[in-house]
$ cat work-v1.pdb   # PDB, N, CA and C atoms
ATOM      1  N   MET A 153     118.220  39.675  83.426
ATOM      2  CA  MET A 153     117.629  40.932  82.996
ATOM      3  C   MET A 153     118.635  41.658  82.103
ATOM      4  N   LYS A 154     118.205  41.995  80.928
ATOM      5  CA  LYS A 154     119.059  42.703  79.977
ATOM      6  C   LYS A 154     118.845  44.201  80.133
ATOM      7  N   LEU A 155     119.936  44.946  80.257
ATOM      8  CA  LEU A 155     119.854  46.397  80.395
ATOM      9  C   LEU A 155     119.929  47.042  79.022
ATOM     10  N   ASN A 156     119.041  47.989  78.784
ATOM     11  CA  ASN A 156     119.087  48.760  77.550
ATOM     12  C   ASN A 156     118.931  50.237  77.905
ATOM     13  N   SER A 157     118.661  51.066  76.929
ATOM     14  CA  SER A 157     118.617  52.509  77.170
ATOM     15  C   SER A 157     117.455  52.921  78.069
ATOM     16  N   LYS A 158     116.401  52.139  78.133
ATOM     17  CA  LYS A 158     115.248  52.477  78.963
ATOM     18  C   LYS A 158     115.402  51.968  80.396
ATOM     19  N   SER A 159     116.396  51.147  80.669
ATOM     20  CA  SER A 159     116.555  50.555  81.996
ATOM     21  C   SER A 159     116.887  51.601  83.044
ATOM     22  N   GLY A 160     117.701  52.579  82.697
ATOM     23  CA  GLY A 160     118.060  53.633  83.643
ATOM     24  C   GLY A 160     116.839  54.420  84.082
ATOM     25  N   LEU A 161     115.992  54.778  83.134
ATOM     26  CA  LEU A 161     114.766  55.506  83.458
ATOM     27  C   LEU A 161     113.843  54.649  84.305
ATOM     28  N   ALA A 162     113.746  53.361  83.990
ATOM     29  CA  ALA A 162     112.888  52.459  84.756
ATOM     30  C   ALA A 162     113.377  52.330  86.194
ATOM     31  N   ILE A 163     114.684  52.205  86.370
ATOM     32  CA  ILE A 163     115.245  52.099  87.719
ATOM     33  C   ILE A 163     115.033  53.391  88.490
ATOM     34  N   LEU A 164     115.183  54.531  87.828
ATOM     35  CA  LEU A 164     114.936  55.820  88.471
ATOM     36  C   LEU A 164     113.480  55.946  88.907
ATOM     37  N   LEU A 165     112.547  55.549  88.053
ATOM     38  CA  LEU A 165     111.125  55.617  88.398
ATOM     39  C   LEU A 165     110.793  54.678  89.558
ATOM     40  N   ILE A 166     111.379  53.487  89.563
ATOM     41  CA  ILE A 166     111.146  52.545  90.662
ATOM     42  C   ILE A 166     111.686  53.127  91.974
ATOM     43  N   GLY A 167     112.867  53.726  91.915
ATOM     44  CA  GLY A 167     113.450  54.334  93.113
ATOM     45  C   GLY A 167     112.612  55.492  93.634
ATOM     46  N   CYS A 168     112.140  56.359  92.738
ATOM     47  CA  CYS A 168     111.298  57.488  93.157
ATOM     48  C   CYS A 168     109.986  56.993  93.756
ATOM     49  N   GLY A 169     109.389  55.995  93.133
ATOM     50  CA  GLY A 169     108.150  55.430  93.671
ATOM     51  C   GLY A 169     108.360  54.798  95.032
ATOM     52  N   ALA A 170     109.483  54.117  95.213
ATOM     53  CA  ALA A 170     109.787  53.504  96.505
ATOM     54  C   ALA A 170     109.980  54.568  97.578
ATOM     55  N   LEU A 171     110.661  55.657  97.249
ATOM     56  CA  LEU A 171     110.843  56.740  98.219
ATOM     57  C   LEU A 171     109.510  57.369  98.617
ATOM     58  N   ILE A 172     108.636  57.570  97.647
ATOM     59  CA  ILE A 172     107.323  58.141  97.939
ATOM     60  C   ILE A 172     106.521  57.203  98.822
ATOM     61  N   LEU A 173     106.545  55.922  98.491
ATOM     62  CA  LEU A 173     105.814  54.932  99.276
ATOM     63  C   LEU A 173     106.361  54.826 100.691
ATOM     64  N   LEU A 174     107.662  54.827 100.846
ATOM     65  CA  LEU A 174     108.255  54.785 102.181
ATOM     66  C   LEU A 174     107.895  56.032 102.986
ATOM     67  N   GLY A 175     107.835  57.181 102.324
ATOM     68  CA  GLY A 175     107.444  58.409 103.002
ATOM     69  C   GLY A 175     106.005  58.361 103.490
ATOM     70  N   LYS A 176     105.136  57.736 102.729
ATOM     71  CA  LYS A 176     103.719  57.647 103.113
ATOM     72  C   LYS A 176     103.490  56.709 104.295
ATOM     73  N   ILE A 177     104.353  55.714 104.458
ATOM     74  CA  ILE A 177     104.168  54.798 105.592
ATOM     75  C   ILE A 177     105.040  55.193 106.784
ATOM     76  N   GLY A 178     105.744  56.308 106.691
ATOM     77  CA  GLY A 178     106.481  56.837 107.821
ATOM     78  C   GLY A 178     107.938  56.438 107.898
ATOM     79  N   LEU A 179     108.466  55.793 106.906
ATOM     80  CA  LEU A 179     109.861  55.360 106.933
ATOM     81  C   LEU A 179     110.739  56.153 105.975
ATOM     82  N   GLY A 180     110.192  57.163 105.368
ATOM     83  CA  GLY A 180     110.901  57.871 104.308
ATOM     84  C   GLY A 180     111.886  58.898 104.811
ATOM     85  N   LEU A 181     112.552  59.462 103.867
ATOM     86  CA  LEU A 181     113.509  60.531 104.127
ATOM     87  C   LEU A 181     112.840  61.845 103.743
ATOM     88  N   GLY A 182     112.231  62.496 104.710
ATOM     89  CA  GLY A 182     111.429  63.686 104.444
ATOM     90  C   GLY A 182     112.191  64.808 103.770
ATOM     91  N   PHE A 183     113.408  65.052 104.236
ATOM     92  CA  PHE A 183     114.189  66.129 103.638
ATOM     93  C   PHE A 183     114.524  65.834 102.184
ATOM     94  N   LEU A 184     114.704  64.564 101.853
ATOM     95  CA  LEU A 184     115.016  64.186 100.481
ATOM     96  C   LEU A 184     113.793  64.305  99.576
ATOM     97  N   MET A 185     112.628  64.029 100.120
ATOM     98  CA  MET A 185     111.400  64.088  99.332
ATOM     99  C   MET A 185     111.101  65.506  98.851
ATOM    100  N   SER A 186     111.484  66.516  99.627
ATOM    101  CA  SER A 186     111.207  67.889  99.213
ATOM    102  C   SER A 186     112.055  68.301  98.012
ATOM    103  N   TYR A 187     113.162  67.609  97.775
ATOM    104  CA  TYR A 187     114.008  67.901  96.625
ATOM    105  C   TYR A 187     113.682  67.018  95.424
ATOM    106  N   LEU A 188     112.903  65.984  95.634
ATOM    107  CA  LEU A 188     112.634  65.016  94.568
ATOM    108  C   LEU A 188     111.850  65.631  93.414
ATOM    109  N   PHE A 189     110.799  66.380  93.706
ATOM    110  CA  PHE A 189     109.960  66.936  92.646
ATOM    111  C   PHE A 189     110.705  67.965  91.791
ATOM    112  N   PRO A 190     111.420  68.945  92.381
ATOM    113  CA  PRO A 190     112.164  69.874  91.517
ATOM    114  C   PRO A 190     113.246  69.189  90.683
ATOM    115  N   ILE A 191     113.920  68.201  91.262
ATOM    116  CA  ILE A 191     114.944  67.491  90.508
ATOM    117  C   ILE A 191     114.307  66.672  89.393
ATOM    118  N   ALA A 192     113.132  66.095  89.662
ATOM    119  CA  ALA A 192     112.418  65.348  88.623
ATOM    120  C   ALA A 192     111.998  66.284  87.485
ATOM    121  N   LEU A 193     111.557  67.492  87.816
ATOM    122  CA  LEU A 193     111.202  68.457  86.771
ATOM    123  C   LEU A 193     112.417  68.838  85.939
ATOM    124  N   LEU A 194     113.558  69.034  86.598
ATOM    125  CA  LEU A 194     114.784  69.328  85.855
ATOM    126  C   LEU A 194     115.132  68.178  84.913
ATOM    127  N   GLY A 195     115.035  66.963  85.417
ATOM    128  CA  GLY A 195     115.354  65.799  84.593
ATOM    129  C   GLY A 195     114.407  65.635  83.424
ATOM    130  N   LEU A 196     113.113  65.808  83.682
ATOM    131  CA  LEU A 196     112.139  65.697  82.595
ATOM    132  C   LEU A 196     112.323  66.810  81.563
ATOM    133  N   GLY A 197     112.653  68.008  82.041
ATOM    134  CA  GLY A 197     112.911  69.109  81.120
ATOM    135  C   GLY A 197     114.120  68.843  80.247
ATOM    136  N   TYR A 198     115.186  68.342  80.860
ATOM    137  CA  TYR A 198     116.386  67.999  80.100
ATOM    138  C   TYR A 198     116.096  66.885  79.091
ATOM    139  N   TYR A 199     115.337  65.906  79.533
ATOM    140  CA  TYR A 199     114.955  64.797  78.646
ATOM    141  C   TYR A 199     114.127  65.315  77.461
ATOM    142  N   GLY A 200     113.211  66.256  77.738
ATOM    143  CA  GLY A 200     112.402  66.834  76.669
ATOM    144  C   GLY A 200     113.222  67.656  75.697
ATOM    145  N   ILE A 201     114.191  68.400  76.211
ATOM    146  CA  ILE A 201     115.049  69.212  75.342
ATOM    147  C   ILE A 201     115.875  68.309  74.429
ATOM    148  N   ARG A 202     116.412  67.248  74.982
ATOM    149  CA  ARG A 202     117.247  66.329  74.189
ATOM    150  C   ARG A 202     116.451  65.573  73.144
ATOM    151  N   ASN A 203     115.160  65.335  73.393
ATOM    152  CA  ASN A 203     114.360  64.540  72.461
ATOM    153  C   ASN A 203     113.510  65.377  71.527
ATOM    154  N   GLY A 204     113.759  66.666  71.431
ATOM    155  CA  GLY A 204     113.126  67.473  70.411
ATOM    156  C   GLY A 204     111.956  68.324  70.851
ATOM    157  N   SER A 205     111.416  68.120  72.036
ATOM    158  CA  SER A 205     110.311  68.945  72.518
ATOM    159  C   SER A 205     110.904  70.117  73.288
ATOM    160  N   LYS A 206     111.492  71.041  72.562
ATOM    161  CA  LYS A 206     112.269  72.101  73.196
ATOM    162  C   LYS A 206     111.423  73.048  74.041
ATOM    163  N   PHE A 207     110.250  73.436  73.585
ATOM    164  CA  PHE A 207     109.440  74.395  74.335
ATOM    165  C   PHE A 207     109.028  73.822  75.687
ATOM    166  N   PHE A 208     108.386  72.655  75.690
ATOM    167  CA  PHE A 208     107.931  72.074  76.942
ATOM    168  C   PHE A 208     109.108  71.632  77.805
ATOM    169  N   GLY A 209     110.178  71.208  77.170
ATOM    170  CA  GLY A 209     111.376  70.847  77.916
ATOM    171  C   GLY A 209     111.945  72.024  78.671
ATOM    172  N   TRP A 210     112.042  73.164  78.009
ATOM    173  CA  TRP A 210     112.565  74.358  78.680
ATOM    174  C   TRP A 210     111.612  74.861  79.759
ATOM    175  N   VAL A 211     110.313  74.750  79.516
ATOM    176  CA  VAL A 211     109.339  75.177  80.526
ATOM    177  C   VAL A 211     109.507  74.335  81.796
ATOM    178  N   LEU A 212     109.564  73.022  81.642
ATOM    179  CA  LEU A 212     109.746  72.148  82.805
ATOM    180  C   LEU A 212     111.097  72.385  83.468
ATOM    181  N   PHE A 213     112.126  72.586  82.680
ATOM    182  CA  PHE A 213     113.451  72.815  83.224
ATOM    183  C   PHE A 213     113.502  74.094  84.054
ATOM    184  N   VAL A 214     112.919  75.174  83.541
ATOM    185  CA  VAL A 214     112.940  76.457  84.253
ATOM    186  C   VAL A 214     112.098  76.386  85.530
ATOM    187  N   ILE A 215     110.939  75.739  85.473
ATOM    188  CA  ILE A 215     110.109  75.592  86.680
ATOM    189  C   ILE A 215     110.860  74.784  87.735
ATOM    190  N   GLY A 216     111.489  73.698  87.323
ATOM    191  CA  GLY A 216     112.272  72.896  88.261
ATOM    192  C   GLY A 216     113.448  73.667  88.832
ATOM    193  N   LEU A 217     114.101  74.475  87.987
ATOM    194  CA  LEU A 217     115.234  75.274  88.438
ATOM    195  C   LEU A 217     114.805  76.301  89.478
ATOM    196  N   PHE A 218     113.698  77.003  89.226
ATOM    197  CA  PHE A 218     113.215  77.982  90.206
ATOM    198  C   PHE A 218     112.800  77.313  91.508
ATOM    199  N   ALA A 219     112.167  76.152  91.425
ATOM    200  CA  ALA A 219     111.773  75.436  92.636
ATOM    201  C   ALA A 219     112.995  74.995  93.426
ATOM    202  N   LEU A 220     114.029  74.545  92.737
ATOM    203  CA  LEU A 220     115.239  74.109  93.420
ATOM    204  C   LEU A 220     115.992  75.294  94.020
ATOM    205  N   ILE A 221     116.005  76.421  93.328
ATOM    206  CA  ILE A 221     116.621  77.624  93.891
ATOM    207  C   ILE A 221     115.876  78.051  95.151
ATOM    208  N   GLY A 222     114.545  77.923  95.148
ATOM    209  CA  GLY A 222     113.765  78.234  96.342
ATOM    210  C   GLY A 222     114.118  77.326  97.501
ATOM    211  N   LYS A 223     114.407  76.056  97.214
ATOM    212  CA  LYS A 223     114.798  75.118  98.272
ATOM    213  C   LYS A 223     116.157  75.481  98.858
ATOM    214  N   PHE A 224     117.038  76.006  98.031
ATOM    215  CA  PHE A 224     118.379  76.358  98.486
ATOM    216  C   PHE A 224     118.502  77.818  98.923
ATOM    217  N   SER A 225     117.393  78.524  99.094
ATOM    218  CA  SER A 225     117.458  79.943  99.431
ATOM    219  C   SER A 225     118.129  80.182 100.781
ATOM    220  N   GLY A 226     117.932  79.289 101.737
ATOM    221  CA  GLY A 226     118.596  79.437 103.035
ATOM    222  C   GLY A 226     120.106  79.337 102.898
ATOM    223  N   LEU A 227     120.566  78.429 102.046
ATOM    224  CA  LEU A 227     121.997  78.289 101.804
ATOM    225  C   LEU A 227     122.551  79.538 101.128
ATOM    226  N   PHE A 228     121.795  80.101 100.172
ATOM    227  CA  PHE A 228     122.233  81.328  99.512
ATOM    228  C   PHE A 228     122.321  82.474 100.504
ATOM    229  N   ALA A 229     121.407  82.539 101.464
ATOM    230  CA  ALA A 229     121.444  83.593 102.477
ATOM    231  C   ALA A 229     122.688  83.452 103.344
ATOM    232  N   ILE A 230     123.058  82.237 103.704
ATOM    233  CA  ILE A 230     124.260  82.023 104.513
ATOM    234  C   ILE A 230     125.509  82.417 103.736
ATOM    235  N   ILE A 231     125.569  82.046 102.460
ATOM    236  CA  ILE A 231     126.724  82.411 101.629
ATOM    237  C   ILE A 231     126.805  83.925 101.464
ATOM    238  N   PHE A 232     125.656  84.579 101.276
ATOM    239  CA  PHE A 232     125.625  86.040 101.139
ATOM    240  C   PHE A 232     126.096  86.712 102.424
ATOM    241  N   ALA A 233     125.638  86.224 103.580
ATOM    242  CA  ALA A 233     126.046  86.797 104.863
ATOM    243  C   ALA A 233     127.548  86.613 105.083
ATOM    244  N   ALA A 234     128.079  85.443 104.745
ATOM    245  CA  ALA A 234     129.518  85.207 104.879
ATOM    246  C   ALA A 234     130.304  86.131 103.959
ATOM    247  N   GLY A 235     129.786  86.367 102.769
ATOM    248  CA  GLY A 235     130.444  87.294 101.842
ATOM    249  C   GLY A 235     130.461  88.715 102.366
ATOM    250  N   LEU A 236     129.369  89.147 102.968
ATOM    251  CA  LEU A 236     129.330  90.489 103.565
ATOM    252  C   LEU A 236     130.339  90.623 104.700
ATOM    253  N   ILE A 237     130.421  89.601 105.531
ATOM    254  CA  ILE A 237     131.385  89.630 106.641
ATOM    255  C   ILE A 237     132.809  89.688 106.102
ATOM    256  N   TYR A 238     133.114  88.866 105.103
ATOM    257  CA  TYR A 238     134.445  88.869 104.506
ATOM    258  C   TYR A 238     134.764  90.228 103.877
ATOM    259  N   PHE A 239     133.806  90.789 103.156
ATOM    260  CA  PHE A 239     134.008  92.093 102.519
ATOM    261  C   PHE A 239     134.238  93.176 103.571
ATOM    262  N   GLY A 240     133.494  93.114 104.684
ATOM    263  CA  GLY A 240     133.686  94.078 105.766
ATOM    264  C   GLY A 240     135.078  93.975 106.374
ATOM    265  N   PHE A 241     135.550  92.760 106.597
ATOM    266  CA  PHE A 241     136.897  92.582 107.139
ATOM    267  C   PHE A 241     137.967  93.085 106.191
ATOM    268  N   THR A 242     137.801  92.873 104.891
ATOM    269  CA  THR A 242     138.805  93.366 103.947
ATOM    270  C   THR A 242     138.837  94.884 103.907
ATOM    271  N   ILE A 243     137.685  95.527 104.062
ATOM    272  CA  ILE A 243     137.658  96.994 104.105
ATOM    273  C   ILE A 243     138.379  97.489 105.351
ATOM    274  N   LEU A 244     138.110  96.849 106.501
ATOM    275  CA  LEU A 244     138.798  97.248 107.738
ATOM    276  C   LEU A 244     140.302  97.031 107.630
ATOM    277  N   LYS A 245     140.722  95.974 107.011
ATOM    278  CA  LYS A 245     142.139  95.672 106.861
ATOM    279  C   LYS A 245     142.827  96.722 105.989
ATOM    280  N   LYS A 246     142.159  97.151 104.908
ATOM    281  CA  LYS A 246     142.728  98.171 104.030
ATOM    282  C   LYS A 246     142.841  99.510 104.741
ATOM    283  N   LYS A 247     141.847  99.865 105.559
ATOM    284  CA  LYS A 247     141.875 101.134 106.276
ATOM    285  C   LYS A 247     143.002 101.151 107.308
ATOM    286  N   GLN A 248     143.256 100.035 107.983
ATOM    287  CA  GLN A 248     144.317  99.979 108.983
ATOM    288  C   GLN A 248     145.690 100.067 108.326
ATOM    289  N   SER A 249     145.853  99.514 107.149
ATOM    290  CA  SER A 249     147.151  99.548 106.485
ATOM    291  C   SER A 249     147.451 100.925 105.891
ATOM    292  N   MET A 250     146.435 101.766 105.716
ATOM    293  CA  MET A 250     146.632 103.113 105.158
ATOM    294  C   MET A 250     147.225 104.057 106.199
ATOM    295  N   PHE A 251     146.977 103.819 107.460
ATOM    296  CA  PHE A 251     147.431 104.758 108.496
ATOM    297  C   PHE A 251     148.748 104.384 109.031
TER     298      PHE A 251
END

$ encode --input "work-v1.pdb" --output "structure tokens"
Amino acid sequence: MKLNSKSGLAILLIGCGALILLGKIGLGLGFLMSYLFPIALLGLGYYGIRNGSKFFGWVLFVIGLFALIGKFSGLFAIIFAAGLIYFGFTILKKKQSMF
């Protein structure tokens, strides 16, 4: 089998199809499947931007980005809560050093 520029895309499509098929028969990775569609939209958007279809490429890219941000919203909440705790401790530390 000779690899060319289209081989990477073909292998990616085969892998995505295999993951979907495995998920339908009960052997899939459910948590991974929820990230597959937004990442695919990001990839298709990037591919469209690089190949000259800038409007549709950016539309797909932005939709994929918002979907992926929605998937990571729980992680953002944890990071925000940790930041608030850290900021609170630094304020308490400054107040104690003033007295």

$ select_by_dssp --input "work-v1.pdb" --residues "chain A" --states "alpha helix (DSSP H)" --output "ChimeraX atom specification"
/A:159-176,182-202,206-223,225-250

$ atom_distance --input "work-v1.pdb" --atom1 "CA of Leu194 (chain A)" --atom2 "CA of Ala234 (chain A)"
28.8 Å

$ atom_distance --input "work-v1.pdb" --atom1 "atom N of Leu220 (chain A)" --atom2 "atom N of Ile191 (chain A)"
6.5 Å

$ residues_around --input "work-v1.pdb" --residues "region 206-210 of chain A" --least-positions-apart "5" --cutoff "5 Å" --atoms "only N, CA and C atoms" --output "list in words"
Gly197, Gly200 and Ile201 of chain A

$ closest_residue --input "work-v1.pdb" --among "A:Ile163, A:Leu184, A:Leu212, A:Ala233" --to "Leu196 (chain A)" --atoms "all atoms listed in the file"
A:Leu212

$ closest_residue --input "work-v1.pdb" --among "A:Lys223, A:Phe213, A:Ser159, A:Arg202" --to "Tyr187 (chain A)" --atoms "only N, CA and C atoms"
A:Lys223

$ atom_distance --input "work-v1.pdb" --atom1 "atom C of Gly160 (chain A)" --atom2 "atom C of Tyr198 (chain A)"
13.4 Å

$ axis_aligned_box --input "work-v1.pdb" --around "region 211-214 of chain A" --padding-each-side "5 Å" --output "AutoDock Vina command-line options"
--center_x 111.4 --center_y 74.3 --center_z 82.5 --size_x 14.2 --size_y 14.3 --size_z 16.0

$ closest_residue --input "work-v1.pdb" --among "A:Gly178, A:Pro190, A:Gly169, A:Gly204" --to "Ala219 (chain A)" --atoms "all atoms listed in the file"
A:Pro190

$ closest_residue --input "work-v1.pdb" --among "A:Ala192, A:Ser186, A:Ile177, A:Leu236" --to "Leu161 (chain A)" --atoms "only C-alpha atoms"
A:Ala192

$ build_atoms --input "work-v1.pdb" --residues "region 186-206 of chain A" --atoms "N, CA, C and O atoms" --output "mmCIF file, in the frame of the given file"
data_model
loop_
_atom_site.group_PDB
_atom_site.id
_atom_site.type_symbol
_atom_site.label_atom_id
_atom_site.label_comp_id
_atom_site.auth_asym_id
_atom_site.auth_seq_id
_atom_site.Cartn_x
_atom_site.Cartn_y
_atom_site.Cartn_z
ATOM 1 N N SER A 186 111.484 66.516 99.627
ATOM 2 C CA SER A 186 111.207 67.889 99.213
ATOM 3 C C SER A 186 112.055 68.301 98.012
ATOM 4 O O SER A 186 111.710 69.246 97.313
ATOM 5 N N TYR A 187 113.162 67.609 97.775
ATOM 6 C CA TYR A 187 114.008 67.901 96.625
ATOM 7 C C TYR A 187 113.682 67.018 95.424
ATOM 8 O O TYR A 187 114.137 67.291 94.315
ATOM 9 N N LEU A 188 112.903 65.984 95.634
ATOM 10 C CA LEU A 188 112.634 65.016 94.568
ATOM 11 C C LEU A 188 111.850 65.631 93.414
ATOM 12 O O LEU A 188 112.208 65.445 92.248
ATOM 13 N N PHE A 189 110.799 66.380 93.706
ATOM 14 C CA PHE A 189 109.960 66.936 92.646
ATOM 15 C C PHE A 189 110.705 67.965 91.791
ATOM 16 O O PHE A 189 110.669 67.872 90.551
ATOM 17 N N PRO A 190 111.420 68.945 92.381
ATOM 18 C CA PRO A 190 112.164 69.874 91.517
ATOM 19 C C PRO A 190 113.246 69.189 90.683
ATOM 20 O O PRO A 190 113.441 69.523 89.517
ATOM 21 N N ILE A 191 113.920 68.201 91.262
ATOM 22 C CA ILE A 191 114.944 67.491 90.508
ATOM 23 C C ILE A 191 114.307 66.672 89.393
ATOM 24 O O ILE A 191 114.850 66.583 88.283
ATOM 25 N N ALA A 192 113.132 66.095 89.662
ATOM 26 C CA ALA A 192 112.418 65.348 88.623
ATOM 27 C C ALA A 192 111.998 66.284 87.485
ATOM 28 O O ALA A 192 112.086 65.918 86.304
ATOM 29 N N LEU A 193 111.557 67.492 87.816
ATOM 30 C CA LEU A 193 111.202 68.457 86.771
ATOM 31 C C LEU A 193 112.417 68.838 85.939
ATOM 32 O O LEU A 193 112.322 68.960 84.707
ATOM 33 N N LEU A 194 113.558 69.034 86.598
ATOM 34 C CA LEU A 194 114.784 69.328 85.855
ATOM 35 C C LEU A 194 115.132 68.178 84.913
ATOM 36 O O LEU A 194 115.485 68.391 83.755
ATOM 37 N N GLY A 195 115.035 66.963 85.417
ATOM 38 C CA GLY A 195 115.354 65.799 84.593
ATOM 39 C C GLY A 195 114.407 65.635 83.424
ATOM 40 O O GLY A 195 114.830 65.352 82.299
ATOM 41 N N LEU A 196 113.113 65.808 83.682
ATOM 42 C CA LEU A 196 112.139 65.697 82.595
ATOM 43 C C LEU A 196 112.323 66.810 81.563
ATOM 44 O O LEU A 196 112.162 66.595 80.366
ATOM 45 N N GLY A 197 112.653 68.008 82.041
ATOM 46 C CA GLY A 197 112.911 69.109 81.120
ATOM 47 C C GLY A 197 114.120 68.843 80.247
ATOM 48 O O GLY A 197 114.091 69.060 79.033
ATOM 49 N N TYR A 198 115.186 68.342 80.860
ATOM 50 C CA TYR A 198 116.386 67.999 80.100
ATOM 51 C C TYR A 198 116.096 66.885 79.091
ATOM 52 O O TYR A 198 116.539 66.944 77.941
ATOM 53 N N TYR A 199 115.337 65.906 79.533
ATOM 54 C CA TYR A 199 114.955 64.797 78.646
ATOM 55 C C TYR A 199 114.127 65.315 77.461
ATOM 56 O O TYR A 199 114.320 64.895 76.320
ATOM 57 N N GLY A 200 113.211 66.256 77.738
ATOM 58 C CA GLY A 200 112.402 66.834 76.669
ATOM 59 C C GLY A 200 113.222 67.656 75.697
ATOM 60 O O GLY A 200 112.995 67.610 74.486
ATOM 61 N N ILE A 201 114.191 68.400 76.211
ATOM 62 C CA ILE A 201 115.049 69.212 75.342
ATOM 63 C C ILE A 201 115.875 68.309 74.429
ATOM 64 O O ILE A 201 116.006 68.576 73.230
ATOM 65 N N ARG A 202 116.412 67.248 74.982
ATOM 66 C CA ARG A 202 117.247 66.329 74.189
ATOM 67 C C ARG A 202 116.451 65.573 73.144
ATOM 68 O O ARG A 202 116.993 65.211 72.097
ATOM 69 N N ASN A 203 115.160 65.335 73.393
ATOM 70 C CA ASN A 203 114.360 64.540 72.461
ATOM 71 C C ASN A 203 113.510 65.377 71.527
ATOM 72 O O ASN A 203 112.592 64.856 70.901
ATOM 73 N N GLY A 204 113.759 66.666 71.431
ATOM 74 C CA GLY A 204 113.126 67.473 70.411
ATOM 75 C C GLY A 204 111.956 68.324 70.851
ATOM 76 O O GLY A 204 111.498 69.174 70.107
ATOM 77 N N SER A 205 111.416 68.120 72.036
ATOM 78 C CA SER A 205 110.311 68.945 72.518
ATOM 79 C C SER A 205 110.904 70.117 73.288
ATOM 80 O O SER A 205 110.830 70.188 74.512
ATOM 81 N N LYS A 206 111.492 71.041 72.562
ATOM 82 C CA LYS A 206 112.269 72.101 73.196
ATOM 83 C C LYS A 206 111.423 73.048 74.041
ATOM 84 O O LYS A 206 111.830 73.415 75.135
#
